[in-house]
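Visitor: Contents of coords_7.tsv (TSV, C-alpha atoms) are below:
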chain	number	residue	atom	x	y	z
A	1	MET	CA	-38.31	-2.72	-29.72
A	2	ILE	CA	-40.75	-5.36	-30.91
A	3	HIS	CA	-41.18	-5.33	-34.66
A	4	PRO	CA	-44.63	-3.95	-35.52
A	5	SER	CA	-45.46	-7.05	-37.57
A	6	ASP	CA	-44.66	-9.30	-34.63
A	7	HIS	CA	-47.91	-9.90	-32.78
A	8	LEU	CA	-46.05	-10.93	-29.68
A	9	PHE	CA	-48.86	-10.30	-27.17
A	10	ARG	CA	-51.43	-12.20	-29.23
A	11	ARG	CA	-49.15	-15.15	-29.68
A	12	GLU	CA	-48.10	-15.28	-26.04
A	13	ALA	CA	-51.70	-14.88	-24.85
A	14	GLY	CA	-52.55	-18.20	-26.49
A	15	ARG	CA	-49.51	-19.97	-25.11
A	16	MET	CA	-50.01	-18.63	-21.59
A	17	VAL	CA	-53.73	-19.32	-21.37
A	18	ALA	CA	-53.29	-22.88	-22.70
A	19	THR	CA	-50.68	-23.71	-20.08
A	20	LEU	CA	-52.41	-21.93	-17.22
A	21	THR	CA	-55.66	-23.73	-17.99
A	22	ARG	CA	-53.80	-27.01	-17.92
A	23	ILE	CA	-52.53	-26.13	-14.43
A	24	PHE	CA	-55.66	-24.54	-12.97
A	25	GLY	CA	-58.08	-26.92	-14.67
A	26	VAL	CA	-60.51	-26.07	-17.44
A	27	HIS	CA	-63.21	-25.02	-14.94
A	28	ASN	CA	-60.85	-22.18	-13.94
A	29	LEU	CA	-60.52	-20.83	-17.47
A	30	ALA	CA	-61.53	-17.34	-16.30
A	31	LEU	CA	-58.80	-17.38	-13.64
A	32	ALA	CA	-56.24	-18.35	-16.30
A	33	GLU	CA	-57.40	-15.43	-18.43
A	34	ASP	CA	-57.04	-13.06	-15.46
A	35	VAL	CA	-53.47	-14.19	-14.91
A	36	VAL	CA	-52.67	-13.56	-18.58
A	37	GLN	CA	-54.17	-10.08	-18.35
A	38	ASP	CA	-52.06	-9.48	-15.24
A	39	ALA	CA	-48.89	-10.54	-17.03
A	40	PHE	CA	-49.61	-8.11	-19.86
A	41	CYS	CA	-50.35	-5.23	-17.48
A	42	ARG	CA	-47.08	-5.91	-15.71
A	43	ALA	CA	-45.16	-6.06	-18.97
A	44	LEU	CA	-46.69	-2.79	-20.08
A	45	GLU	CA	-45.85	-1.09	-16.79
A	46	VAL	CA	-42.29	-2.35	-16.51
A	47	TRP	CA	-41.25	-2.24	-20.16
A	48	LYS	CA	-42.32	1.33	-20.70
A	49	PHE	CA	-39.84	2.43	-18.05
A	50	ARG	CA	-37.03	-0.07	-18.58
A	51	GLY	CA	-37.41	-1.00	-22.22
A	52	VAL	CA	-38.38	-4.31	-23.79
A	53	PRO	CA	-36.29	-7.16	-22.35
A	54	GLU	CA	-34.02	-9.19	-24.57
A	55	ASN	CA	-36.39	-12.14	-24.63
A	56	PRO	CA	-39.88	-10.66	-24.15
A	57	SER	CA	-41.60	-13.98	-24.63
A	58	ALA	CA	-39.57	-15.61	-21.84
A	59	TRP	CA	-40.23	-12.57	-19.63
A	60	LEU	CA	-44.00	-12.92	-20.08
A	61	MET	CA	-43.90	-16.66	-19.47
A	62	ALA	CA	-41.83	-16.25	-16.30
A	63	THR	CA	-44.26	-13.60	-15.04
A	64	ALA	CA	-47.24	-15.87	-15.71
A	65	LYS	CA	-45.45	-18.76	-14.02
A	66	ASN	CA	-44.72	-16.79	-10.86
A	67	ARG	CA	-48.25	-15.50	-10.73
A	68	ALA	CA	-49.57	-19.05	-11.20
A	69	LEU	CA	-47.49	-20.19	-8.23
A	70	ASP	CA	-48.89	-17.33	-6.13
A	71	VAL	CA	-52.43	-18.29	-7.05
A	72	LEU	CA	-51.84	-21.99	-6.38
A	73	ARG	CA	-50.40	-21.28	-2.95
A	74	ARG	CA	-52.99	-18.72	-1.95
A	75	GLU	CA	-56.12	-20.41	-3.23
A	76	ARG	CA	-55.18	-24.01	-2.57
A	77	THR	CA	-57.84	-24.37	0.09
A	78	ALA	CA	-60.55	-22.33	-1.62
A	79	ARG	CA	-60.39	-23.86	-5.08
A	80	THR	CA	-59.73	-27.17	-6.74
A	81	PHE	CA	-57.25	-27.07	-9.57
A	82	ALA	CA	-56.55	-29.52	-12.40
A	83	PRO	CA	-57.81	-32.85	-11.03
A	84	GLU	CA	-55.33	-34.86	-13.11
A	85	LEU	CA	-52.43	-33.05	-11.43
A	86	GLY	CA	-54.11	-33.60	-8.08
A	87	GLN	CA	-51.88	-33.59	-5.05
A	88	LEU	CA	-48.80	-32.54	-6.98
A	89	LEU	CA	-50.13	-28.98	-6.77
A	90	ASP	CA	-51.07	-29.27	-3.10
A	91	SER	CA	-47.68	-30.12	-1.71
A	92	GLU	CA	-45.00	-27.50	-1.29
A	93	TRP	CA	-42.48	-30.19	-2.23
A	94	THR	CA	-43.84	-30.67	-5.70
A	95	VAL	CA	-45.70	-27.54	-6.73
A	96	ALA	CA	-42.72	-25.50	-7.97
A	97	PRO	CA	-41.02	-28.28	-9.99
A	98	VAL	CA	-44.35	-29.35	-11.51
A	99	VAL	CA	-45.23	-25.83	-12.59
A	100	GLU	CA	-41.69	-25.33	-13.88
A	101	GLU	CA	-42.03	-28.44	-16.02
A	102	LEU	CA	-45.44	-27.44	-17.34
A	103	PHE	CA	-43.97	-24.13	-18.51
A	104	GLY	CA	-41.36	-25.94	-20.62
A	105	ALA	CA	-41.50	-25.32	-24.38
A	106	ASN	CA	-42.71	-28.79	-25.30
A	107	ALA	CA	-45.29	-28.92	-22.55
A	108	ILE	CA	-46.70	-25.60	-23.80
A	109	LYS	CA	-47.03	-26.99	-27.32
A	110	ASP	CA	-48.91	-30.00	-25.94
A	111	ASP	CA	-51.18	-27.67	-24.00
A	112	GLN	CA	-51.97	-25.66	-27.11
A	113	LEU	CA	-52.91	-28.86	-28.89
A	114	ARG	CA	-55.00	-30.00	-25.94
A	115	MET	CA	-56.77	-26.65	-25.90
A	116	MET	CA	-57.33	-26.81	-29.67
A	117	PHE	CA	-59.15	-30.13	-29.33
A	118	SER	CA	-61.00	-28.92	-26.25
A	119	CYS	CA	-62.28	-25.86	-28.12
A	120	CYS	CA	-63.65	-28.13	-30.85
A	121	HIS	CA	-66.13	-29.58	-28.42
A	122	PRO	CA	-68.83	-31.61	-30.21
A	123	ARG	CA	-71.54	-29.70	-28.35
A	124	LEU	CA	-70.45	-26.44	-29.96
A	125	PRO	CA	-71.50	-25.29	-33.40
A	126	GLU	CA	-68.72	-24.76	-35.91
A	127	GLU	CA	-68.69	-20.97	-35.75
A	128	ALA	CA	-68.44	-21.10	-31.96
A	129	GLN	CA	-65.49	-23.48	-32.16
A	130	VAL	CA	-63.63	-21.17	-34.51
A	131	ALA	CA	-64.47	-18.08	-32.45
A	132	LEU	CA	-63.23	-19.85	-29.34
A	133	VAL	CA	-59.95	-20.87	-30.97
A	134	LEU	CA	-59.40	-17.33	-32.22
A	135	HIS	CA	-60.18	-15.92	-28.80
A	136	ILE	CA	-58.34	-18.36	-26.54
A	137	LEU	CA	-55.46	-19.63	-28.64
A	138	CYS	CA	-54.85	-16.71	-31.00
A	139	GLY	CA	-55.44	-13.88	-28.53
A	140	PHE	CA	-58.09	-12.07	-30.59
A	141	SER	CA	-60.49	-9.82	-28.69
A	142	VAL	CA	-64.27	-9.97	-29.12
A	143	ASN	CA	-64.12	-6.81	-31.20
A	144	GLU	CA	-61.38	-8.15	-33.47
A	145	ILE	CA	-63.31	-11.38	-34.05
A	146	ALA	CA	-66.50	-9.44	-34.72
A	147	ASN	CA	-64.64	-7.49	-37.40
A	148	ALA	CA	-63.29	-10.68	-38.93
A	149	PHE	CA	-66.72	-12.32	-39.04
A	150	VAL	CA	-68.48	-9.08	-40.06
A	151	SER	CA	-70.68	-9.49	-37.02
A	152	SER	CA	-71.64	-7.35	-34.05
A	153	ASP	CA	-69.62	-7.27	-30.84
A	154	ALA	CA	-72.69	-8.30	-28.86
A	155	ALA	CA	-73.31	-11.38	-31.02
A	156	ILE	CA	-69.70	-12.55	-30.77
A	157	GLU	CA	-69.59	-11.80	-27.05
A	158	LYS	CA	-72.63	-14.03	-26.57
A	159	ARG	CA	-71.21	-16.76	-28.79
A	160	ILE	CA	-67.90	-16.79	-26.95
A	161	SER	CA	-69.30	-16.64	-23.44
A	162	ARG	CA	-71.68	-19.52	-24.23
A	163	ALA	CA	-68.84	-21.51	-25.74
A	164	LYS	CA	-66.64	-20.80	-22.73
A	165	LYS	CA	-69.37	-22.10	-20.44
A	166	VAL	CA	-69.48	-25.36	-22.39
A	167	LEU	CA	-65.70	-25.58	-22.31
A	168	ALA	CA	-65.45	-24.79	-18.59
A	169	GLY	CA	-68.18	-27.32	-17.89
A	170	SER	CA	-66.37	-30.11	-19.69
A	171	LYS	CA	-64.64	-31.27	-16.49
A	172	SER	CA	-61.18	-31.67	-17.96
A	173	LEU	CA	-59.23	-30.72	-21.05
A	174	PHE	CA	-59.35	-33.10	-23.96
A	175	ASP	CA	-56.90	-35.96	-23.50
A	176	VAL	CA	-54.97	-36.03	-26.74
A	177	SER	CA	-52.82	-39.03	-25.97
A	178	GLY	CA	-55.30	-41.62	-24.87
A	179	ALA	CA	-58.80	-40.78	-25.95
A	180	ASP	CA	-60.65	-42.94	-28.45
A	181	ASP	CA	-62.48	-39.78	-29.31
A	182	PHE	CA	-59.36	-38.41	-31.03
A	183	SER	CA	-60.34	-39.34	-34.57
A	184	GLY	CA	-63.92	-38.33	-33.78
A	185	ARG	CA	-62.86	-34.79	-33.01
A	186	LEU	CA	-60.19	-34.56	-35.67
A	187	PRO	CA	-62.46	-33.44	-38.54
A	188	ALA	CA	-63.78	-30.56	-36.39
A	189	VAL	CA	-60.22	-29.50	-35.56
A	190	GLN	CA	-59.20	-29.68	-39.20
A	191	ARG	CA	-62.23	-27.66	-40.21
A	192	ALA	CA	-61.44	-25.04	-37.60
A	193	LEU	CA	-57.84	-24.81	-38.80
A	194	TYR	CA	-59.02	-24.48	-42.35
A	195	LEU	CA	-61.56	-21.77	-41.52
A	196	LEU	CA	-58.97	-19.95	-39.44
A	197	PHE	CA	-56.62	-20.01	-42.32
A	198	ASN	CA	-59.30	-18.96	-44.77
A	199	GLU	CA	-60.15	-16.02	-42.54
A	200	GLY	CA	-56.50	-15.10	-42.56
A	201	TYR	CA	-56.31	-15.34	-46.30
A	202	HIS	CA	-59.48	-13.51	-47.27
A	203	GLY	CA	-59.14	-11.30	-44.23
A	204	ALA	CA	-62.45	-9.52	-43.60
A	205	SER	CA	-60.66	-7.61	-40.88
A	206	PRO	CA	-60.11	-3.96	-41.78
A	207	SER	CA	-56.50	-3.82	-40.59
A	208	PRO	CA	-54.18	-5.04	-43.35
A	209	LEU	CA	-51.67	-6.09	-40.71
A	210	CYS	CA	-54.10	-8.71	-39.52
A	211	VAL	CA	-54.03	-10.49	-42.85
A	212	PRO	CA	-50.60	-12.06	-42.89
A	213	SER	CA	-50.63	-12.47	-39.15
A	214	SER	CA	-53.82	-14.43	-38.76
A	215	ALA	CA	-52.93	-16.43	-41.83
A	216	ARG	CA	-49.67	-17.33	-40.15
A	217	ARG	CA	-51.41	-18.25	-36.93
A	218	PRO	CA	-53.02	-21.53	-38.04
A	219	CYS	CA	-49.69	-22.41	-39.52
A	220	VAL	CA	-48.16	-22.20	-36.06
A	221	LEU	CA	-51.05	-24.14	-34.58
A	222	GLN	CA	-50.78	-26.72	-37.30
A	223	ARG	CA	-47.10	-27.11	-36.77
A	224	CYS	CA	-47.76	-27.86	-33.15
A	225	PHE	CA	-50.48	-30.21	-34.31
A	226	LEU	CA	-47.95	-32.04	-36.42
A	227	SER	CA	-45.50	-32.35	-33.58
A	228	THR	CA	-47.63	-34.99	-31.90
A	229	ARG	CA	-46.92	-38.58	-32.57
A	230	ARG	CA	-50.20	-39.15	-34.27
A	231	ARG	CA	-49.41	-37.47	-37.55
A	232	GLN	CA	-52.06	-37.80	-40.14
A	233	ARG	CA	-51.63	-37.55	-43.82
A	234	ARG	CA	-54.55	-35.25	-44.37
A	235	GLN	CA	-53.21	-32.89	-41.76
A	236	ARG	CA	-49.80	-32.79	-43.39
A	237	ALA	CA	-51.34	-31.99	-46.77
A	238	LEU	CA	-53.41	-29.22	-45.22
A	239	LEU	CA	-50.35	-27.81	-43.49
A	240	LEU	CA	-48.31	-27.71	-46.67
A	241	ARG	CA	-51.12	-26.09	-48.59
A	242	SER	CA	-51.73	-23.45	-45.96
A	243	CYS	CA	-48.02	-22.63	-45.69
A	244	ALA	CA	-47.84	-22.01	-49.41
A	245	CYS	CA	-50.97	-19.86	-49.31
A	246	THR	CA	-49.70	-17.99	-46.29
A	247	ARG	CA	-46.60	-16.96	-48.16
A	248	ARG	CA	-48.79	-15.70	-50.99
A	249	ALA	CA	-51.01	-13.84	-48.55
A	250	CYS	CA	-47.98	-12.19	-46.96
A	251	GLN	CA	-46.63	-11.15	-50.31
A	252	ARG	CA	-50.00	-9.81	-51.35
A	253	ALA	CA	-50.36	-7.86	-48.14
A	254	SER	CA	-46.90	-6.38	-48.38
A	255	THR	CA	-47.41	-5.26	-51.99
A	256	ARG	CA	-50.76	-3.80	-50.94
A	257	ARG	CA	-49.03	-1.89	-48.17
A	258	ALA	CA	-46.30	-0.70	-50.51
A	259	THR	CA	-48.74	0.77	-53.03
B	1	MET	CA	-33.14	23.93	-17.36
B	2	SER	CA	-35.41	22.94	-14.52
B	3	GLN	CA	-36.52	19.55	-13.34
B	4	PHE	CA	-40.03	18.18	-13.21
B	5	VAL	CA	-41.61	14.95	-12.11
B	6	TYR	CA	-44.32	13.28	-14.14
B	7	LEU	CA	-46.64	11.18	-12.00
B	8	TYR	CA	-48.69	8.78	-14.11
B	9	ARG	CA	-52.15	8.16	-12.76
B	10	GLY	CA	-54.58	5.50	-13.88
B	11	ALA	CA	-54.28	1.79	-14.54
B	12	GLU	CA	-55.31	-0.03	-17.64
B	13	ARG	CA	-57.20	-3.27	-17.62
B	14	GLY	CA	-59.45	-5.37	-19.77
B	15	ARG	CA	-57.88	-4.65	-23.12
B	16	SER	CA	-57.03	-7.12	-25.85
B	17	PRO	CA	-53.45	-8.38	-26.27
B	18	GLU	CA	-53.16	-6.51	-29.55
B	19	LYS	CA	-54.28	-3.23	-27.95
B	20	MET	CA	-51.91	-3.71	-25.03
B	21	GLN	CA	-49.02	-4.24	-27.40
B	22	GLU	CA	-49.99	-1.15	-29.40
B	23	MET	CA	-50.10	0.83	-26.18
B	24	MET	CA	-46.67	-0.42	-25.20
B	25	GLN	CA	-45.22	0.58	-28.56
B	26	LYS	CA	-46.69	4.06	-28.15
B	27	TRP	CA	-45.10	4.44	-24.73
B	28	MET	CA	-41.73	3.32	-26.05
B	29	THR	CA	-41.95	5.76	-28.94
B	30	TRP	CA	-42.90	8.64	-26.68
B	31	MET	CA	-40.15	7.85	-24.17
B	32	LYS	CA	-37.65	7.59	-27.01
B	33	GLN	CA	-38.67	10.97	-28.41
B	34	LEU	CA	-38.17	12.61	-25.02
B	35	THR	CA	-34.83	10.85	-24.56
B	36	ASP	CA	-33.59	11.88	-28.01
B	37	LYS	CA	-34.41	15.50	-27.27
B	38	GLY	CA	-32.56	15.24	-23.95
B	39	HIS	CA	-35.57	15.76	-21.71
B	40	ILE	CA	-35.30	12.57	-19.68
B	41	LYS	CA	-33.23	12.96	-16.56
B	42	ASP	CA	-34.35	9.59	-15.22
B	43	PRO	CA	-36.89	7.33	-16.94
B	44	GLY	CA	-38.16	6.43	-13.48
B	45	GLN	CA	-39.81	3.30	-12.14
B	46	PRO	CA	-43.17	1.60	-12.22
B	47	LEU	CA	-44.90	1.28	-8.86
B	48	GLU	CA	-46.92	-1.65	-7.55
B	49	HIS	CA	-50.60	-0.93	-7.09
B	50	THR	CA	-50.54	-2.31	-3.59
B	51	GLY	CA	-48.77	-1.25	-0.42
B	52	LYS	CA	-49.44	0.15	3.00
B	53	LEU	CA	-50.49	3.53	4.25
B	54	VAL	CA	-49.02	4.72	7.54
B	55	LYS	CA	-50.92	7.65	8.96
B	56	GLY	CA	-51.29	10.01	11.89
B	57	LYS	CA	-49.75	10.28	15.34
B	58	GLN	CA	-50.99	6.78	16.06
B	59	LYS	CA	-49.04	5.57	13.01
B	60	THR	CA	-52.05	3.55	11.96
B	61	VAL	CA	-51.15	1.11	9.21
B	62	THR	CA	-53.80	0.37	6.60
B	63	ASP	CA	-53.75	-1.58	3.38
B	64	GLY	CA	-53.78	-0.01	-0.03
B	65	PRO	CA	-55.24	0.82	-2.48
B	66	PHE	CA	-55.23	4.39	-1.27
B	67	ALA	CA	-57.46	5.83	-3.92
B	68	GLU	CA	-59.75	4.89	-6.75
B	69	ALA	CA	-57.97	2.74	-9.33
B	70	LYS	CA	-57.99	5.64	-11.76
B	71	ASP	CA	-56.12	7.87	-9.30
B	72	ILE	CA	-53.38	5.45	-8.28
B	73	VAL	CA	-49.87	6.57	-9.23
B	74	GLY	CA	-48.46	3.86	-11.45
B	75	GLY	CA	-45.00	5.31	-11.95
B	76	TYR	CA	-42.92	8.42	-12.31
B	77	THR	CA	-40.34	10.00	-14.62
B	78	LEU	CA	-37.85	12.76	-13.94
B	79	ILE	CA	-37.92	15.33	-16.74
B	80	GLU	CA	-35.75	18.30	-17.69
B	81	ALA	CA	-37.50	21.22	-19.35
B	82	ARG	CA	-37.16	24.96	-19.78
B	83	ASP	CA	-40.15	25.80	-17.65
B	84	LEU	CA	-43.48	24.42	-16.45
B	85	ASP	CA	-45.16	25.33	-19.74
B	86	GLN	CA	-42.71	23.26	-21.75
B	87	ALA	CA	-42.96	20.35	-19.30
B	88	VAL	CA	-46.75	20.43	-19.65
B	89	GLU	CA	-46.50	20.63	-23.44
B	90	LEU	CA	-44.15	17.62	-23.54
B	91	SER	CA	-46.47	15.57	-21.34
B	92	LYS	CA	-49.26	15.90	-23.89
B	93	GLY	CA	-47.62	13.25	-26.07
B	94	CYS	CA	-48.09	10.63	-23.34
B	95	PRO	CA	-50.25	7.70	-24.51
B	96	ILE	CA	-51.87	7.47	-21.06
B	97	PHE	CA	-54.53	9.97	-22.19
B	98	GLU	CA	-55.92	7.38	-24.62
B	99	VAL	CA	-56.97	5.23	-21.67
B	100	GLU	CA	-58.43	8.08	-19.61
B	101	GLY	CA	-55.31	8.31	-17.49
B	102	ALA	CA	-53.61	11.50	-16.30
B	103	VAL	CA	-50.14	12.94	-15.96
B	104	GLU	CA	-49.43	15.11	-12.97
B	105	VAL	CA	-46.61	17.55	-13.75
B	106	ARG	CA	-44.80	18.77	-10.63
B	107	PRO	CA	-41.78	21.07	-10.56
B	108	VAL	CA	-38.92	19.82	-8.42
B	109	MET	CA	-38.31	22.48	-5.76
B	110	LYS	CA	-35.17	24.51	-6.39
B	111	MET	CA	-32.75	25.10	-3.57
B	112	ASN	CA	-31.17	28.52	-3.85
B	113	MET	CA	-28.52	28.45	-1.23
So, in terms of structure tokens, how does the structure I just supplied come out?

Guide:
Amino acid sequence: MIHPSDHLFRREAGRMVATLTRIFGVHNLALAEDVVQDAFCRALEVWKFRGVPENPSAWLMATAKNRALDVLRRERTARTFAPELGQLLDSEWTVAPVVEELFGANAIKDDQLRMMFSCCHPRLPEEAQVALVLHILCGFSVNEIANAFVSSDAAIEKRISRAKKVLAGSKSLFDVSGADDFSGRLPAVQRALYLLFNEGYHGASPSPLCVPSSARRPCVLQRCFLSTRRRQRRQRALLLRSCACTRRACQRASTRRAT
Amino acid sequence: MSQFVYLYRGAERGRSPEKMQEMMQKWMTWMKQLTDKGHIKDPGQPLEHTGKLVKGKQKTVTDGPFAEAKDIVGGYTLIEARDLDQAVELSKGCPIFEVEGAVEVRPVMKMNM
């Protein structure tokens, strides 16, 4: 059984979509989302009959990986995939090892970071950046985000689909390692992390379970942020502060649940 | 005790990760309840939503899907219950009804030799 406080599907949604988008290319974001949905449907169908596997996260990742290989092989001629991976995905000699490598734990972390910076696109207003991060990287649905922002489903739907269009139109994912733009985008990323955390802490969402979970989420994202070589002092301070606050939020939520 | 087969009809799509996980937990809980009460003869298997249909004297082979998505059998379970009424009653706990799905309850034919 998965512990009720473990938001496994949400967490894995973000990891899967980040990696799949890296493989398919950012213009195929919708395809990546379809593959994630497929993996969840499969998990639901298989697990209800055979029980939850020992390592559910690895199970989901393996399912997404196999599905990604299917898609790459089948749609090779009809679509172009990540241009920076180029011919590696075209050749039967390289496609499996390349995909295998991209589904490695460290590669996934890099992809989450890449996606984080890509979501904080300078052409997007702040609230769209945060909504996009919540949706793509944290696995929140439109309805769940609307609840968190005390907004209507229709408004959030519009905001997200516009933001996705900008993201999908940005040719490639943000290059975290080389771009001069890194420090230019950093404040937006930090702001998004802070707002995400704030949302987790003050939790407008009606479900009390969401409070500690979404407060923990930026912590995970920030940890992956810190794992890059380009550590920044401000980021470290923000991480430490949010970890401390997260613990408080968790305690508060658990006492609230107990009473 | 008699045996019955539950055929689960209807596929779910387009739901948020959180909702999918909730749904999964509900299925596990329901299955566990039935197991604990000794009603599960065989938890069964999920079925792919694709396949082939072989039909008629000509043995014409066509591709699936065979029916509307909502009618496709997505899996089965072998149940033990006192009678059809009890098997029907037990099926009502299935979470599939929350997503407009259906459970077909079919008695396994008894051989009285």

Visitor: As a PyMOL selection string, could you give me every residue of chain B near chain A (at most 10 Å apart, counting only C-alpha atoms)?

Guide: chain B and resi 11-32+42-48+74-77

Visitor: Please, which residues are within 10 Å of (-38.5, 21.1, -19.2) by the file's coordinates, counting only C-alpha atoms, and could they come as a PyMOL selection string?

Guide: chain B and resi 1-5+38-40+78-91+107

Visitor: Of the residues A:Val95, A:Leu72, A:Ala188, A:Ile145, which is the one nearest to Cys120 (chain A), using only C-alpha atoms?

Guide: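 Once distances to Cys120 (chain A) are computed over only C-alpha atoms, the minimum belongs to A:Ala188.
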
Visitor: Counting only C-alpha atoms, which residue out of A:Val17, A:Asn55, A:Val130, A:Leu102 sits closest to Ala148 (chain A)?

Guide: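 Closest residue, counting only C-alpha atoms: A:Val130.
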
Visitor: Find, counting only C-alpha atoms, the residue in A:Phe174, A:Leu29, A:Val99, A:Glu127 that gets nearest to Ile156 (chain A).

Guide: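 For Ile156 (chain A), the nearest of the given residues is A:Glu127.
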
Visitor: Please provide the set of residues having any atom within 6 Å of Lys52 (chain B), restricted to all atoms listed in the file, with same-chain residues fewer than 5 positions apart removed, written as a CSV table (one decimal) with C-alpha atoms, in the coordinates of the input.

Guide:
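Output file out21.csv is given in full below:
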chain,number,residue,atom,x,y,z
B,62,THR,CA,-53.8,0.4,6.6
B,63,ASP,CA,-53.8,-1.6,3.4
B,64,GLY,CA,-53.8,0.0,0.0

Visitor: Near Ile108 (chain A), counting all atoms listed in the file, which residues have an atom at most 9 Å away, once you skip same-chain residues fewer than 4 positions from it, shown as a list in words?

Guide: Arg15, Met16, Ala18, Thr19, Leu102, Phe103, Gly104, Gln112 and Leu113 of chain A

Visitor: So what do you get for CA of Phe117 (chain A) versus CA of Arg185 (chain A), distance-wise?

Guide: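 Spanning CA of Phe117 (chain A) to CA of Arg185 (chain A) is a straight-line distance of 7.0 Å.
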
Visitor: Find the distance between CA of Pro83 (chain A) and CA of Pro125 (chain A) and write it in Å to one decimal.

Guide: 27.3 Å

Visitor: What does the structure give for the distance between CA of Lys165 (chain A) and CA of Ser151 (chain A), in Å to one decimal?

Guide: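 CA of Ser151 (chain A) lies 20.9 Å from CA of Lys165 (chain A).
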